[in-house]
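**Student:** Just dropping this structure here.
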Amino acid sequence: MSAFALLDTLIPGDADFPAGGRIATALAAHDRFGPQLAAILDLLPPNFRDADPDTRFATLTALESAHPEAFGALIVAAYSLYYTDPAVIRVIGRLTGHSAAPPQPQGHALPPFDPAMVAIPAARPPLYRPTPKANP
Amino acid sequence: MDDVLIVGAGASGAAAAWKLATAGFKVACLEQGTWVNPSDTPSLRPDWEVARQTTHHPNPNVRHGPADYPVDDRDAAIKPFLYNAVGGSTILWGAHFPRFRPSDFKVKTLDGVADDWPLTYEDLAPYYAENDRMMGVSGLSGDPGNPPREARQMPPVPPGRAALRMAQAFDRLGWHWWPTDVAINTRPYGANRGACNNCGPCDLGCPQGARSATDVTYWPQALKAGVTLITNARAFEVETDSQGRATGVAYYDADGVAQRRRAHVVALAANGLGTPRLMLLSRSRRFPNGLANDTDLVGRRLMHHPTGMVTGTFAEPMEGWRGPFAVSILSQQFYETDPSRGFTRGYQMQLIRSDGPVGTAVGGYLPRVPWGPGHHARFRQVFGHTASLTITTEDLPRPENRVTLSDALKDRHGIPAPKMTYTLDDNTWAMIRHGIASATRAFTEAGAVDITPQDLVVNAGFHLMGTACMGAAPATSVVDANSRAHACPNLVILDGSVFTTAAALNPTSTIQALALRAAAALIRDRARIGVAA
């Protein structure tokens with residue numbers, strides 16, 4: 001299936017991250033993003049799936065140049081599903097400490113504001129301009 | 001018959017509805033959207049960032065929500081950013097809550113440009129304070145950039161690593177900075193409203209009720225005071241009598257059936273796009289060019305806050321996903337006019353935290369992470385390592401920047417969409433260039449290893465102002481200092497359309513203060529307003 005090859009070329013895997021092909025099925029079935037994938041698949045040459053990585057990269061580079069809007073829409077779609085894929089989120093969490101859970105309901109811990117932080121700016125004179133208080 | 005019929009249940013409509021109903025007025029409000037349940041926020045779901053690209057995208061032309069109308073933006077350098085629901089665009093806002101400065105109301109007197117407002121900061125100050133109490137503000141007294149005022153209701157939001165770093169850089173440069181005033185609870189405040197838990201994406205809604213939006217601040221109290229709120233009601237005409245006095249509003253109900261509602265006073269609160277659209281749609285023998293449009297000013301003088309952006313990438317993790325994304329600290333070092341800078345008026349720099357994984361990859365603060373070989377290396381380099389300074393500039397009003405009725409797009413009821421025609425002038429571009437240089441200097445001082453400027457944030461049409469401007473003279477303005485139309489005294493305009501000038505500050509607290517002031521004037525003048533027979 002060309003979708004796997006397409007997505008593996010857009011988002012190659014490495015030692016930590018899986019390749020983009022893992023979201024191919026979900027992307028094809030997505031109500032908003034599916035058409036973006038289909039639009040680019042329709043433009044791929046028939047031998048794309050079996051081409052070597054360099055040829056695939058060159059093909060997609062040319063396609064992006066010829067159809068920037070459609071290609072850009074696919075990138076947004078692919079990145080959106082890839083970076084919300086549970087396996088990818090787990091990798092990001094392991095590498096950065098970013099929580100794999102949604103932002104809510106846990107939220108994130110942060111040290112509270114410390115008023116000592118403003119010692120220098122608070123000592124400055126007024127920066128705003130005086131104005132006439134009454135209208136002419 | 002209603003005493004006052006308001007169109008739009010957002011920031012200003014909610015504030016005015018509450019104040020009028022509390023004073024005993026019979027108030028109704030037509031809202032084209034419906035209630036958004038804070039517990040339905042995508043922030044509770046693993047795919048929360050997908051919502052930002054689809055169902056919760058800020059641009060109605062991308063979002064295609066059932067309550068949305070299209071916006072013809074073919075000739076607009078800045079694209080629309082708004083929401084249609086009970087709460088209006090406060091449903092997806094970042095909750096910056098600055099007040100305008102005194103000089104913002106006197107730009108003609110002080111700088112010889114545009115027009116003075118017909119009121120002063122001091123006129124508005126009591127209504128700013130009233131609105132602060134209703135919305136709840138977190139911040140800190142003592143800012144040398146602004147006049148002294150009442151203590152905020154809550155302490156500032158946690159700054160986070162990037163703000164601590166940038167504050168020190170501003171201090172070394174000798175530049176102004178201060179914790180941002182925000183309409184976000186840092187402690188429980190208001191009925192059934194908890195404290196912020198620093199989740200990040202305020203724009204997707206807040207199940208804690210910590211981020212103020214008028215659906216959780218004003219509306220519960222307005223409904224308790226007796227306001228009739230009609231949702232899924234799309235207004236298409238303000239009706240008038242032969243004298244040109246407003247008699248009510250025609251709208252399509254939830255079933256698409258045309259309805260009419262009568263009122264002594266009609267108040268428009270449909271934002272700087274929706275209000276001129278409705279006025280231009282409301283043609284009559286008395287107003288052949290649109291309601292209260294004798295001067296051809298309705299729709300003209302459209303102002304945004306053209307925004308540049310500079311993003312610094314740090315070698316150390318900044319963990320910018322922690323904390324409300326849009327707010328921490330700001331600098332108003334370059335706010336007031338200084339002729340040596342080569343432009344009139346000025347700009348503010350606001351520190352923005354960083355994005356989640358999808359936002360980082362698709363770009364926004366930085367260009368999109370490239371696809372292909374090297375994708376993940378770049379992602380690792382930037383994710384959680386950035387902070388951004390927005391350069392919010394003061395846009396001066398020009399008649400050619402305007403809202404008209406589109407000849408190409410209609411909404412699902414067949415009503416012409418608003419069309420924005422908008423370009424930036426040389427003064428604004430000069431301001432943006434200066435702001436980019438300033439922000440670059442600040443990030444350099446802070447030790448950023450990579451600094452990326454963005455000339456203009458295109459998707460930044462979140463502050464829609466000036467399209468039914470306020471002024472003392474009927475020949476050169478649409479409404480008076482009490483927000484009443486010169487040509488139709490029982491028509492009140494409550495939203496950002498009335499702004500005479502835009503300042504370089506987020507407008508919501510000023511919009512709401514003006515709405516409360518307009519409501520107070522209606523209460524005061526109750527017996528003297530000329531209503532239709």
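Scheme for the structure tokens: letters A, B, ... for chains in order shown; per-chain residue numbers from 1; ligand numbers from 1 in order shown.
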Pull out every residue of chain A that has at least one atom within 7 Å of chain B, counting only C-alpha atoms, and report them as an NGL selection string.

**Tutor:** :A and (9-12 or 76 or 79-80 or 83-84 or 101-105 or 107-113 or 120-122 or 124-129 or 131 or 133 or 135)

**Student:** Can those selected residues be exported to a file as a JSON list (two decimals), in the first residue's frame so that it contains C-alpha atoms?

**Tutor:**
[["chain", "number", "residue", "atom", "x", "y", "z"],
["A", 9, "THR", "CA", 9.16, 8.68, 3.71],
["A", 10, "LEU", "CA", 7.62, 11.75, 5.30],
["A", 11, "ILE", "CA", 8.39, 10.61, 8.84],
["A", 12, "PRO", "CA", 11.22, 8.08, 8.81],
["A", 76, "VAL", "CA", -0.62, 18.84, 8.88],
["A", 79, "TYR", "CA", 1.88, 15.18, 11.85],
["A", 80, "SER", "CA", -1.40, 15.59, 13.75],
["A", 83, "TYR", "CA", 2.22, 13.06, 17.24],
["A", 84, "THR", "CA", -0.94, 11.99, 19.02],
["A", 101, "ALA", "CA", -1.43, 11.88, 29.51],
["A", 102, "PRO", "CA", -3.72, 14.54, 28.05],
["A", 103, "PRO", "CA", -3.27, 18.02, 29.59],
["A", 104, "GLN", "CA", -6.40, 17.59, 31.69],
["A", 105, "PRO", "CA", -7.41, 16.73, 34.28],
["A", 107, "GLY", "CA", -2.36, 19.57, 34.44],
["A", 108, "HIS", "CA", 1.31, 20.26, 35.15],
["A", 109, "ALA", "CA", 3.24, 21.25, 38.25],
["A", 110, "LEU", "CA", 4.97, 24.65, 38.24],
["A", 111, "PRO", "CA", 6.56, 26.65, 41.06],
["A", 112, "PRO", "CA", 4.31, 29.59, 41.97],
["A", 113, "PHE", "CA", 5.12, 33.21, 41.19],
["A", 120, "ILE", "CA", 14.34, 45.42, 39.62],
["A", 121, "PRO", "CA", 11.39, 46.51, 37.41],
["A", 122, "ALA", "CA", 9.33, 47.56, 40.42],
["A", 124, "ARG", "CA", 11.75, 51.88, 37.96],
["A", 125, "PRO", "CA", 9.99, 55.24, 37.56],
["A", 126, "PRO", "CA", 6.67, 55.44, 35.71],
["A", 127, "LEU", "CA", 6.99, 54.56, 32.03],
["A", 128, "TYR", "CA", 3.57, 55.72, 30.83],
["A", 129, "ARG", "CA", 2.91, 59.17, 29.47],
["A", 131, "THR", "CA", -2.26, 62.75, 29.51],
["A", 133, "LYS", "CA", -7.64, 64.13, 31.93],
["A", 135, "ASN", "CA", -11.61, 66.05, 26.96]]

**Student:** With DSSP run on the backbone, what are the strand (DSSP E) residues within range 282-476 of chain B? I'd like them as a ChimeraX atom specification.

**Tutor:** /B:307-313,329-331,347-352,386-393,402-410,416-422,450-454

**Student:** I need the residue nearest Ile23 in chain A from this list: A:Pro35, A:Pro86, A:Gly97, A:Pro132. Use only C-alpha atoms for the distance.

**Tutor:** A:Pro86

**Student:** For Met166 in chain B, please output as a VMD selection string all residues within 9 Å (counting only C-alpha atoms; exclusion window: fewer than 3 positions along the same chain).

**Tutor:** chain B and resid 161 to 163 169 to 171 329 351 442 to 443 445 to 446

**Student:** Create the file for the chosen residues now, containing C-alpha atoms and written as an mmCIF file, in the first residue's frame.

**Tutor:**
data_model
loop_
_atom_site.group_PDB
_atom_site.id
_atom_site.type_symbol
_atom_site.label_atom_id
_atom_site.label_comp_id
_atom_site.auth_asym_id
_atom_site.auth_seq_id
_atom_site.Cartn_x
_atom_site.Cartn_y
_atom_site.Cartn_z
ATOM 1 C CA ARG B 161 11.570 28.565 33.165
ATOM 2 C CA ALA B 162 11.480 30.701 30.034
ATOM 3 C CA ALA B 163 9.917 33.708 31.758
ATOM 4 C CA ALA B 169 17.573 39.298 30.278
ATOM 5 C CA PHE B 170 15.171 42.271 30.329
ATOM 6 C CA ASP B 171 16.676 43.350 33.652
ATOM 7 C CA ILE B 329 5.388 38.192 31.350
ATOM 8 C CA LEU B 351 6.237 36.016 26.111
ATOM 9 C CA ALA B 442 16.336 40.052 24.244
ATOM 10 C CA PHE B 443 16.720 36.414 23.206
ATOM 11 C CA GLU B 445 20.828 38.418 25.957
ATOM 12 C CA ALA B 446 18.962 35.417 27.377
#

**Student:** Find the residue from B:Leu464, B:Met309, B:Val182, B:Val265 that sits nearest to Arg402 in chain B; use only C-alpha atoms when measuring.

**Tutor:**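 The shortest atom-to-atom distance to Arg402 in chain B comes from B:Leu464.
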
**Student:** Would you please extract all alpha helix (DSSP H) residues from range 19-56 of chain B, as assigned by DSSP on the backbone, and give them as a PyMOL selection string?

**Tutor:** chain B and resi 19-22+48-53

**Student:** Any idea what's packed within 8 Å of range 30-33 of chain B, counting only C-alpha atoms, ignoring anything in its chain fewer than 5 positions away? Could you give it as a list in words?

**Tutor:**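 Once the adjacent positions are removed, what remains is Leu5, Ile6, Val7, Gly8, Ala9, Pro66, Ala67, Asp68, Asn84, Ala85, Val86, Leu229, Ile230, Thr231, Asn232, Ala233, Arg234 and Ala235 of chain B.
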
**Student:** Mind dumping the selected residues with N, CA, C and O atoms as a PDB file, in the first residue's frame?

**Tutor:**
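Output contents, as saved in result-v4.pdb:
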ATOM      1  N   LEU B   5     -32.586  44.320  23.601  1.00  0.00           N
ATOM      2  CA  LEU B   5     -32.320  43.062  22.899  1.00  0.00           C
ATOM      3  C   LEU B   5     -30.882  43.112  22.398  1.00  0.00           C
ATOM      4  O   LEU B   5     -30.517  43.990  21.617  1.00  0.00           O
ATOM      5  N   ILE B   6     -30.078  42.174  22.870  1.00  0.00           N
ATOM      6  CA  ILE B   6     -28.644  42.142  22.544  1.00  0.00           C
ATOM      7  C   ILE B   6     -28.409  41.060  21.507  1.00  0.00           C
ATOM      8  O   ILE B   6     -28.958  39.959  21.599  1.00  0.00           O
ATOM      9  N   VAL B   7     -27.574  41.357  20.520  1.00  0.00           N
ATOM     10  CA  VAL B   7     -27.179  40.356  19.529  1.00  0.00           C
ATOM     11  C   VAL B   7     -25.735  39.970  19.808  1.00  0.00           C
ATOM     12  O   VAL B   7     -24.825  40.778  19.625  1.00  0.00           O
ATOM     13  N   GLY B   8     -25.543  38.757  20.286  1.00  0.00           N
ATOM     14  CA  GLY B   8     -24.200  38.270  20.587  1.00  0.00           C
ATOM     15  C   GLY B   8     -23.997  38.075  22.077  1.00  0.00           C
ATOM     16  O   GLY B   8     -24.203  38.997  22.862  1.00  0.00           O
ATOM     17  N   ALA B   9     -23.579  36.860  22.458  1.00  0.00           N
ATOM     18  CA  ALA B   9     -23.439  36.498  23.876  1.00  0.00           C
ATOM     19  C   ALA B   9     -21.982  36.332  24.278  1.00  0.00           C
ATOM     20  O   ALA B   9     -21.658  35.536  25.139  1.00  0.00           O
ATOM     21  N   PRO B  66     -20.894  24.205  13.167  1.00  0.00           N
ATOM     22  CA  PRO B  66     -22.295  24.437  12.786  1.00  0.00           C
ATOM     23  C   PRO B  66     -22.768  25.865  13.046  1.00  0.00           C
ATOM     24  O   PRO B  66     -23.682  26.339  12.365  1.00  0.00           O
ATOM     25  N   ALA B  67     -22.176  26.563  14.012  1.00  0.00           N
ATOM     26  CA  ALA B  67     -22.598  27.935  14.306  1.00  0.00           C
ATOM     27  C   ALA B  67     -21.808  28.969  13.507  1.00  0.00           C
ATOM     28  O   ALA B  67     -22.124  30.157  13.567  1.00  0.00           O
ATOM     29  N   ASP B  68     -20.800  28.520  12.786  1.00  0.00           N
ATOM     30  CA  ASP B  68     -19.908  29.473  12.114  1.00  0.00           C
ATOM     31  C   ASP B  68     -20.517  30.028  10.840  1.00  0.00           C
ATOM     32  O   ASP B  68     -21.343  29.385  10.188  1.00  0.00           O
ATOM     33  N   ASN B  84     -17.957  31.267  17.712  1.00  0.00           N
ATOM     34  CA  ASN B  84     -19.375  31.579  17.830  1.00  0.00           C
ATOM     35  C   ASN B  84     -20.024  30.605  18.810  1.00  0.00           C
ATOM     36  O   ASN B  84     -20.190  29.427  18.519  1.00  0.00           O
ATOM     37  N   ALA B  85     -20.369  31.145  19.980  1.00  0.00           N
ATOM     38  CA  ALA B  85     -20.965  30.329  21.040  1.00  0.00           C
ATOM     39  C   ALA B  85     -21.360  31.264  22.169  1.00  0.00           C
ATOM     40  O   ALA B  85     -21.017  32.457  22.136  1.00  0.00           O
ATOM     41  N   VAL B  86     -22.045  30.738  23.163  1.00  0.00           N
ATOM     42  CA  VAL B  86     -22.254  31.506  24.394  1.00  0.00           C
ATOM     43  C   VAL B  86     -20.855  31.674  25.018  1.00  0.00           C
ATOM     44  O   VAL B  86     -20.195  30.692  25.334  1.00  0.00           O
ATOM     45  N   LEU B 229     -31.897  34.138  27.199  1.00  0.00           N
ATOM     46  CA  LEU B 229     -30.837  33.859  26.228  1.00  0.00           C
ATOM     47  C   LEU B 229     -31.366  32.857  25.204  1.00  0.00           C
ATOM     48  O   LEU B 229     -31.771  31.750  25.567  1.00  0.00           O
ATOM     49  N   ILE B 230     -31.350  33.266  23.946  1.00  0.00           N
ATOM     50  CA  ILE B 230     -31.861  32.409  22.867  1.00  0.00           C
ATOM     51  C   ILE B 230     -30.673  31.974  22.023  1.00  0.00           C
ATOM     52  O   ILE B 230     -30.029  32.805  21.367  1.00  0.00           O
ATOM     53  N   THR B 231     -30.351  30.700  22.066  1.00  0.00           N
ATOM     54  CA  THR B 231     -29.202  30.197  21.309  1.00  0.00           C
ATOM     55  C   THR B 231     -29.647  29.715  19.930  1.00  0.00           C
ATOM     56  O   THR B 231     -30.839  29.589  19.642  1.00  0.00           O
ATOM     57  N   ASN B 232     -28.664  29.427  19.094  1.00  0.00           N
ATOM     58  CA  ASN B 232     -28.924  29.011  17.704  1.00  0.00           C
ATOM     59  C   ASN B 232     -29.817  30.007  16.987  1.00  0.00           C
ATOM     60  O   ASN B 232     -30.684  29.624  16.200  1.00  0.00           O
ATOM     61  N   ALA B 233     -29.605  31.271  17.260  1.00  0.00           N
ATOM     62  CA  ALA B 233     -30.432  32.336  16.668  1.00  0.00           C
ATOM     63  C   ALA B 233     -29.523  33.255  15.844  1.00  0.00           C
ATOM     64  O   ALA B 233     -28.707  33.978  16.408  1.00  0.00           O
ATOM     65  N   ARG B 234     -29.637  33.171  14.545  1.00  0.00           N
ATOM     66  CA  ARG B 234     -28.758  33.979  13.678  1.00  0.00           C
ATOM     67  C   ARG B 234     -29.490  35.221  13.202  1.00  0.00           C
ATOM     68  O   ARG B 234     -30.405  35.153  12.367  1.00  0.00           O
ATOM     69  N   ALA B 235     -29.094  36.368  13.709  1.00  0.00           N
ATOM     70  CA  ALA B 235     -29.721  37.637  13.324  1.00  0.00           C
ATOM     71  C   ALA B 235     -29.367  37.981  11.883  1.00  0.00           C
ATOM     72  O   ALA B 235     -28.224  37.781  11.453  1.00  0.00           O
TER      73      ALA B 235
END

**Student:** With only C-alpha atoms as the counted atoms, please give the residues lying no more than 7 Å from range 217-219 of chain B, apart from itself and same-chain residues fewer than 6 positions off, as a list in words.

**Tutor:**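 In the requested form, the answer reads Ala14, Ala15, Trp18, Met134 and Met135 of chain B.
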
**Student:** Output C-alpha atoms of each residue in that selection to a file, as a PDB file, in the first residue's frame.

**Tutor:**
ATOM      1  CA  ALA B  14     -22.669  39.041  28.450  1.00  0.00           C
ATOM      2  CA  ALA B  15     -21.335  41.969  30.492  1.00  0.00           C
ATOM      3  CA  TRP B  18     -25.792  41.139  33.353  1.00  0.00           C
ATOM      4  CA  MET B 134     -16.649  39.897  37.568  1.00  0.00           C
ATOM      5  CA  MET B 135     -14.035  38.139  35.437  1.00  0.00           C
TER       6      MET B 135
END

**Student:** Measure the distance from CA of Gly72 in chain A to CA of Ala24 in chain A in Å and round it to one decimal.

**Tutor:** 16.9 Å

**Student:** Counting only C-alpha atoms, what is within 9 Å of Ser99 in chain A, bar same-chain residues fewer than 4 positions away, as a list in words?

**Tutor:**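 What passes the distance filter is Ile89, Arg90, Ile92, Gly93, Arg94, Pro103 and His108 of chain A.
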